[in-house]
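Participant: Okay, here's the structure, questions in a sec.
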Amino acid sequence: MRVYVPLTLPGLAEAYEAGELGPAPLDAYAVTPALREWYVSDDIEELEYAALSRAAQGSLRMLAGDPAAARRRVVVAVDVPDRLVAADPDRALDQSALGEVRLADPVPLKKAASVHVDSDDAEEDVAAAAAALGAADQGDDDAQFTVDGAEDHELMWFGVQEIPNLV
C-alpha cells in the first residue's frame with residue numbers, strides 16, 4: 001500500500017541519518033475507504049493526490065509546532081505491506097481524519113518511492129498558514145483563507161536519491 005508520511009525538513013534529515021521513518025507508531029495518510037467515499041472518485045491517481053494533500057496538511061501542522069523548522073511542507077511516499085497499516089475506525093467519519101492511518105513499525109527509507117517538498121517560493125505562504133492554523137481551527141474564516149493559501153502551492157517531486165540535497 002502507498003502511504004504518505006508528513007514531515008518537516010529537520011524530520012527528513014533525521015530520517016535520512018537514521019535510514020528509516022520512525023519511531024513507530026507513525027502517522028501517515030493513504031487511500032482509505034472513507035477517503036474514497038469523501039472524494040467520490042474511482043481514479044486512483046486522483047485519490048492518491050488527495051491522500052498526498054492530506055499529508056501536506058499534516059506537515060503544515062508539524063510546522064506550526066516547530067517554529068525553528070524551515071517553512072516548507074515535506075511528504076514522503078512509501079510503499080508498505082497492508083498489514084502494517086491501520087485506520088482508526090472510530091475516526092473514519094471524522095472529516096479531519098480522512099485518509100489518516102497509522103504504521104505499526106518504522107519504515108526503512110529505502111522503501112520510499114518519492115519525496116514531495118514545497119519550493120522556496122512557497123515559504124512565505126506556508127509560514128503564514130502555519131501561524132494562522134490555530135485561529136483557523138477555532139473557526140476564523142480569514143485565518144482559514146490564509147491556511148488555504150498554502151494549498152495553492154504544489155509540492156515538488158524528488159527522487160529518494162535527492163534527499164541529501166534537500167536536507
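Labeling convention for the C-alpha cells: chains A, B, ... as they appear, residues from 1 per chain, ligands from 1 in order of appearance.
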Please run DSSP on the backbone and report, as a PyMOL selection string, all residues within stretch 3-164 of chain A that come out as strand (DSSP E).
Facilitator: chain A and resi 3-7+20-21+26-30+74-79+85-86+100-103+107-108+112-117+156-158
Participant: Excluding same-chain residues fewer than 3 positions from A:Leu7, what lies within 8 Å of it counting only C-alpha atoms, as a VMD selection string?
Facilitator: chain A and resid 11 to 12 58 to 59 62 73 to 76
Participant: Looking at only C-alpha atoms, which of A:Glu154, A:Asp142, A:Glu162, A:Asp42 is the one that sits closest to A:Asp120?
Facilitator: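 Among A:Glu154, A:Asp142, A:Glu162, A:Asp42, it is A:Glu154 that comes nearest to A:Asp120.
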Participant: Find the residues around A:Met1 up to 7 Å (only C-alpha atoms counted), leave out those fewer than 5 positions away in its own chain, and share them as a list of chain:residue names.
Facilitator: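 Residues near the query, excluding close chain neighbours: A:Asp79, A:Val80, A:Pro81, A:Asp82.
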Participant: Using only N, CA and C atoms, please write the residues we just selected to a file, as a short mmCIF file (atom, residue, chain, number, x, y, z; two decimals), in the first residue's frame.
Facilitator:
```cif
data_model
loop_
_atom_site.label_atom_id
_atom_site.label_comp_id
_atom_site.auth_asym_id
_atom_site.auth_seq_id
_atom_site.Cartn_x
_atom_site.Cartn_y
_atom_site.Cartn_z
N ASP A 79 5.98 2.70 0.14
CA ASP A 79 5.18 1.50 -0.10
C ASP A 79 5.44 0.53 1.03
N VAL A 80 4.36 0.14 1.71
CA VAL A 80 4.48 -0.77 2.85
C VAL A 80 3.45 -1.89 2.72
N PRO A 81 3.70 -3.02 3.37
CA PRO A 81 2.70 -4.09 3.37
C PRO A 81 1.42 -3.63 4.05
N ASP A 82 0.28 -4.03 3.52
CA ASP A 82 -1.02 -3.65 4.08
C ASP A 82 -1.13 -3.98 5.56
#
```
Participant: As number ranges by chain, please: every residue in stretch 6-158 of chain A that DSSP puts in alpha helix (DSSP H).
Facilitator: A: 9-18, 33-39, 44-64, 123-137, 141-150
Participant: Please produce a file of the residues just selected, as a PDB file, in the first residue's frame, where the atoms kept are C-alpha atoms.
Facilitator:
```pdb
ATOM      1  CA  LEU A   9      12.862  19.268   6.653  1.00  0.00           C
ATOM      2  CA  PRO A  10      14.507  18.582  10.065  1.00  0.00           C
ATOM      3  CA  GLY A  11      12.387  15.408  10.302  1.00  0.00           C
ATOM      4  CA  LEU A  12      13.531  14.364   6.842  1.00  0.00           C
ATOM      5  CA  ALA A  13      17.149  14.956   7.888  1.00  0.00           C
ATOM      6  CA  GLU A  14      16.631  12.748  10.970  1.00  0.00           C
ATOM      7  CA  ALA A  15      15.062  10.014   8.838  1.00  0.00           C
ATOM      8  CA  TYR A  16      17.940  10.211   6.378  1.00  0.00           C
ATOM      9  CA  GLU A  17      20.525   9.873   9.159  1.00  0.00           C
ATOM     10  CA  ALA A  18      18.620   7.008  10.804  1.00  0.00           C
ATOM     11  CA  PRO A  33     -12.423   3.665   2.259  1.00  0.00           C
ATOM     12  CA  ALA A  34     -13.510   6.907   3.973  1.00  0.00           C
ATOM     13  CA  LEU A  35     -11.267   8.973   1.688  1.00  0.00           C
ATOM     14  CA  ARG A  36     -12.688   7.163  -1.361  1.00  0.00           C
ATOM     15  CA  GLU A  37     -16.241   7.880  -0.216  1.00  0.00           C
ATOM     16  CA  TRP A  38     -15.498  11.539   0.534  1.00  0.00           C
ATOM     17  CA  TYR A  39     -13.615  12.172  -2.719  1.00  0.00           C
ATOM     18  CA  ILE A  44      -6.549   6.038  -8.202  1.00  0.00           C
ATOM     19  CA  GLU A  45      -4.246   8.895  -9.225  1.00  0.00           C
ATOM     20  CA  GLU A  46      -6.785  11.465  -8.018  1.00  0.00           C
ATOM     21  CA  LEU A  47      -7.293   9.531  -4.790  1.00  0.00           C
ATOM     22  CA  GLU A  48      -3.552   9.296  -4.156  1.00  0.00           C
ATOM     23  CA  TYR A  49      -3.240  13.031  -4.821  1.00  0.00           C
ATOM     24  CA  ALA A  50      -5.973  13.610  -2.219  1.00  0.00           C
ATOM     25  CA  ALA A  51      -4.036  11.465   0.295  1.00  0.00           C
ATOM     26  CA  LEU A  52      -0.839  13.371  -0.534  1.00  0.00           C
ATOM     27  CA  SER A  53      -2.704  16.653   0.041  1.00  0.00           C
ATOM     28  CA  ARG A  54      -3.938  15.410   3.415  1.00  0.00           C
ATOM     29  CA  ALA A  55      -0.333  14.542   4.332  1.00  0.00           C
ATOM     30  CA  ALA A  56       0.760  18.045   3.270  1.00  0.00           C
ATOM     31  CA  GLN A  57      -1.814  19.397   5.739  1.00  0.00           C
ATOM     32  CA  GLY A  58      -0.282  17.122   8.371  1.00  0.00           C
ATOM     33  CA  SER A  59       3.138  18.544   7.561  1.00  0.00           C
ATOM     34  CA  LEU A  60       1.751  22.067   7.968  1.00  0.00           C
ATOM     35  CA  ARG A  61       0.550  21.102  11.462  1.00  0.00           C
ATOM     36  CA  MET A  62       4.047  19.844  12.275  1.00  0.00           C
ATOM     37  CA  LEU A  63       5.498  23.156  11.075  1.00  0.00           C
ATOM     38  CA  ALA A  64       3.077  25.048  13.314  1.00  0.00           C
ATOM     39  CA  GLU A 123       7.848  29.618   2.168  1.00  0.00           C
ATOM     40  CA  GLU A 124       6.083  32.925   2.809  1.00  0.00           C
ATOM     41  CA  ASP A 125       2.606  31.454   2.285  1.00  0.00           C
ATOM     42  CA  VAL A 126       3.452  28.307   4.262  1.00  0.00           C
ATOM     43  CA  ALA A 127       4.801  30.421   7.132  1.00  0.00           C
ATOM     44  CA  ALA A 128       1.617  32.494   7.178  1.00  0.00           C
ATOM     45  CA  ALA A 129      -0.511  29.336   7.048  1.00  0.00           C
ATOM     46  CA  ALA A 130       1.380  27.712   9.930  1.00  0.00           C
ATOM     47  CA  ALA A 131       0.933  30.874  12.007  1.00  0.00           C
ATOM     48  CA  ALA A 132      -2.800  31.058  11.203  1.00  0.00           C
ATOM     49  CA  LEU A 133      -3.562  27.377  11.803  1.00  0.00           C
ATOM     50  CA  GLY A 134      -4.695  27.759  15.423  1.00  0.00           C
ATOM     51  CA  ALA A 135      -7.133  30.551  14.592  1.00  0.00           C
ATOM     52  CA  ALA A 136      -8.412  28.608  11.572  1.00  0.00           C
ATOM     53  CA  ASP A 137      -9.083  25.610  13.829  1.00  0.00           C
ATOM     54  CA  ASP A 141     -12.589  32.472   8.230  1.00  0.00           C
ATOM     55  CA  ASP A 142      -9.742  34.883   7.461  1.00  0.00           C
ATOM     56  CA  ALA A 143      -7.252  32.529   9.078  1.00  0.00           C
ATOM     57  CA  GLN A 144      -8.712  29.615   7.090  1.00  0.00           C
ATOM     58  CA  PHE A 145      -8.235  31.646   3.904  1.00  0.00           C
ATOM     59  CA  THR A 146      -4.563  32.078   4.851  1.00  0.00           C
ATOM     60  CA  VAL A 147      -4.196  28.352   5.578  1.00  0.00           C
ATOM     61  CA  ASP A 148      -5.802  27.524   2.238  1.00  0.00           C
ATOM     62  CA  GLY A 149      -3.228  29.780   0.573  1.00  0.00           C
ATOM     63  CA  ALA A 150      -0.522  27.217   1.308  1.00  0.00           C
TER      64      ALA A 150
END
```
Participant: Set the distance at 7 Å and use only C-alpha atoms: which residues neighbour stretch 101-115 of chain A once local chain neighbours fewer than 6 positions away are removed? I'd like the list as a list in words.
Facilitator: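 Result of the neighbour search: Gly19, Glu20, Leu21, Gly22, Pro23, Ala24, Pro25, Leu26, Asp27, Ala28, Tyr29, Ala30, Val75, Val76, Ala77, Val78, Asp79, Leu84, Val85, Ala86, Ala87, Trp157, Phe158, Gly159 and Val160 of chain A.
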Participant: Output N, CA and C atoms for every residue in that selection, as a tab-separated table (two decimals), in the first residue's frame.
Facilitator:
```tsv
chain	number	residue	atom	x	y	z
A	19	GLY	N	18.14	6.29	8.53
A	19	GLY	CA	17.87	5.29	7.49
A	19	GLY	C	16.46	4.77	7.54
A	20	GLU	N	15.60	5.42	8.36
A	20	GLU	CA	14.22	4.95	8.46
A	20	GLU	C	13.30	6.09	8.91
A	21	LEU	N	12.03	5.92	8.58
A	21	LEU	CA	10.99	6.81	9.08
A	21	LEU	C	10.47	6.19	10.35
A	22	GLY	N	10.49	6.93	11.43
A	22	GLY	CA	10.05	6.39	12.70
A	22	GLY	C	10.27	7.40	13.78
A	23	PRO	N	10.13	7.06	15.00
A	23	PRO	CA	9.79	5.74	15.54
A	23	PRO	C	8.30	5.42	15.37
A	24	ALA	N	7.97	4.17	15.52
A	24	ALA	CA	6.58	3.73	15.42
A	24	ALA	C	5.88	3.99	16.75
A	25	PRO	N	4.59	4.13	16.77
A	25	PRO	CA	3.71	4.19	15.60
A	25	PRO	C	3.90	5.51	14.86
A	26	LEU	N	3.68	5.45	13.56
A	26	LEU	CA	3.94	6.56	12.67
A	26	LEU	C	2.64	6.97	11.99
A	27	ASP	N	2.28	8.25	12.11
A	27	ASP	CA	1.07	8.76	11.46
A	27	ASP	C	1.35	9.00	9.99
A	28	ALA	N	0.38	8.65	9.15
A	28	ALA	CA	0.51	8.80	7.71
A	28	ALA	C	-0.89	8.95	7.11
A	29	TYR	N	-0.93	9.04	5.80
A	29	TYR	CA	-2.20	9.17	5.07
A	29	TYR	C	-2.16	8.21	3.89
A	30	ALA	N	-3.34	7.70	3.54
A	30	ALA	CA	-3.44	6.74	2.44
A	30	ALA	C	-4.85	6.81	1.86
A	75	VAL	N	6.53	15.68	2.43
A	75	VAL	CA	5.79	14.42	2.48
A	75	VAL	C	6.64	13.35	1.81
A	76	VAL	N	6.77	12.21	2.47
A	76	VAL	CA	7.50	11.07	1.90
A	76	VAL	C	6.48	10.00	1.54
A	77	ALA	N	6.50	9.57	0.27
A	77	ALA	CA	5.62	8.50	-0.20
A	77	ALA	C	6.38	7.18	-0.05
A	78	VAL	N	5.77	6.23	0.66
A	78	VAL	CA	6.42	4.93	0.87
A	78	VAL	C	5.43	3.81	0.57
A	79	ASP	N	5.98	2.70	0.14
A	79	ASP	CA	5.18	1.50	-0.10
A	79	ASP	C	5.44	0.53	1.03
A	84	LEU	N	0.85	-3.60	7.89
A	84	LEU	CA	1.46	-2.60	8.76
A	84	LEU	C	0.62	-1.33	8.91
A	85	VAL	N	-0.45	-1.25	8.13
A	85	VAL	CA	-1.26	-0.03	8.08
A	85	VAL	C	-2.61	-0.26	8.76
A	86	ALA	N	-2.98	0.67	9.64
A	86	ALA	CA	-4.27	0.57	10.32
A	86	ALA	C	-4.93	1.94	10.35
A	87	ALA	N	-6.22	1.94	10.09
A	87	ALA	CA	-7.02	3.17	10.22
A	87	ALA	C	-7.87	3.03	11.48
A	157	TRP	N	8.23	17.17	-6.75
A	157	TRP	CA	8.59	15.77	-6.66
A	157	TRP	C	10.11	15.63	-6.69
A	158	PHE	N	10.62	14.79	-5.79
A	158	PHE	CA	12.05	14.48	-5.77
A	158	PHE	C	12.23	12.98	-5.63
A	159	GLY	N	13.26	12.45	-6.26
A	159	GLY	CA	13.62	11.06	-6.07
A	159	GLY	C	14.29	10.90	-4.72
A	160	VAL	N	14.25	9.71	-4.18
A	160	VAL	CA	14.83	9.43	-2.87
A	160	VAL	C	16.33	9.73	-2.85
```
Participant: Restricting the calculation to only C-alpha atoms, which member of A:Glu151, A:Glu100, A:Asp140, A:Asp118 is positioned closest to A:Leu166?
Facilitator: A:Asp118
Participant: Rank A:Arg83, A:Val31, A:Ile163, A:Met156 by their smallest atom-to-atom distance to A:Val117, using only C-alpha atoms, and report the top residue only.
Facilitator: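 Checking each of A:Arg83, A:Val31, A:Ile163, A:Met156 against A:Val117, counting only C-alpha atoms, the winner is A:Met156.
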Participant: Could you check which of A:Ser41, A:Gln161, A:Leu98, A:Thr8 is closest to A:Arg71, using only C-alpha atoms?
Facilitator: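 Comparing A:Ser41, A:Gln161, A:Leu98, A:Thr8 against A:Arg71, the winner is A:Thr8.
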Participant: Would you work out the distance separating atom CA of A:Leu155 from atom CA of A:Ser119, expressed in Å to one decimal?
Facilitator: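 Straight-line distance from atom CA of A:Leu155 to atom CA of A:Ser119 works out to 7.0 Å.
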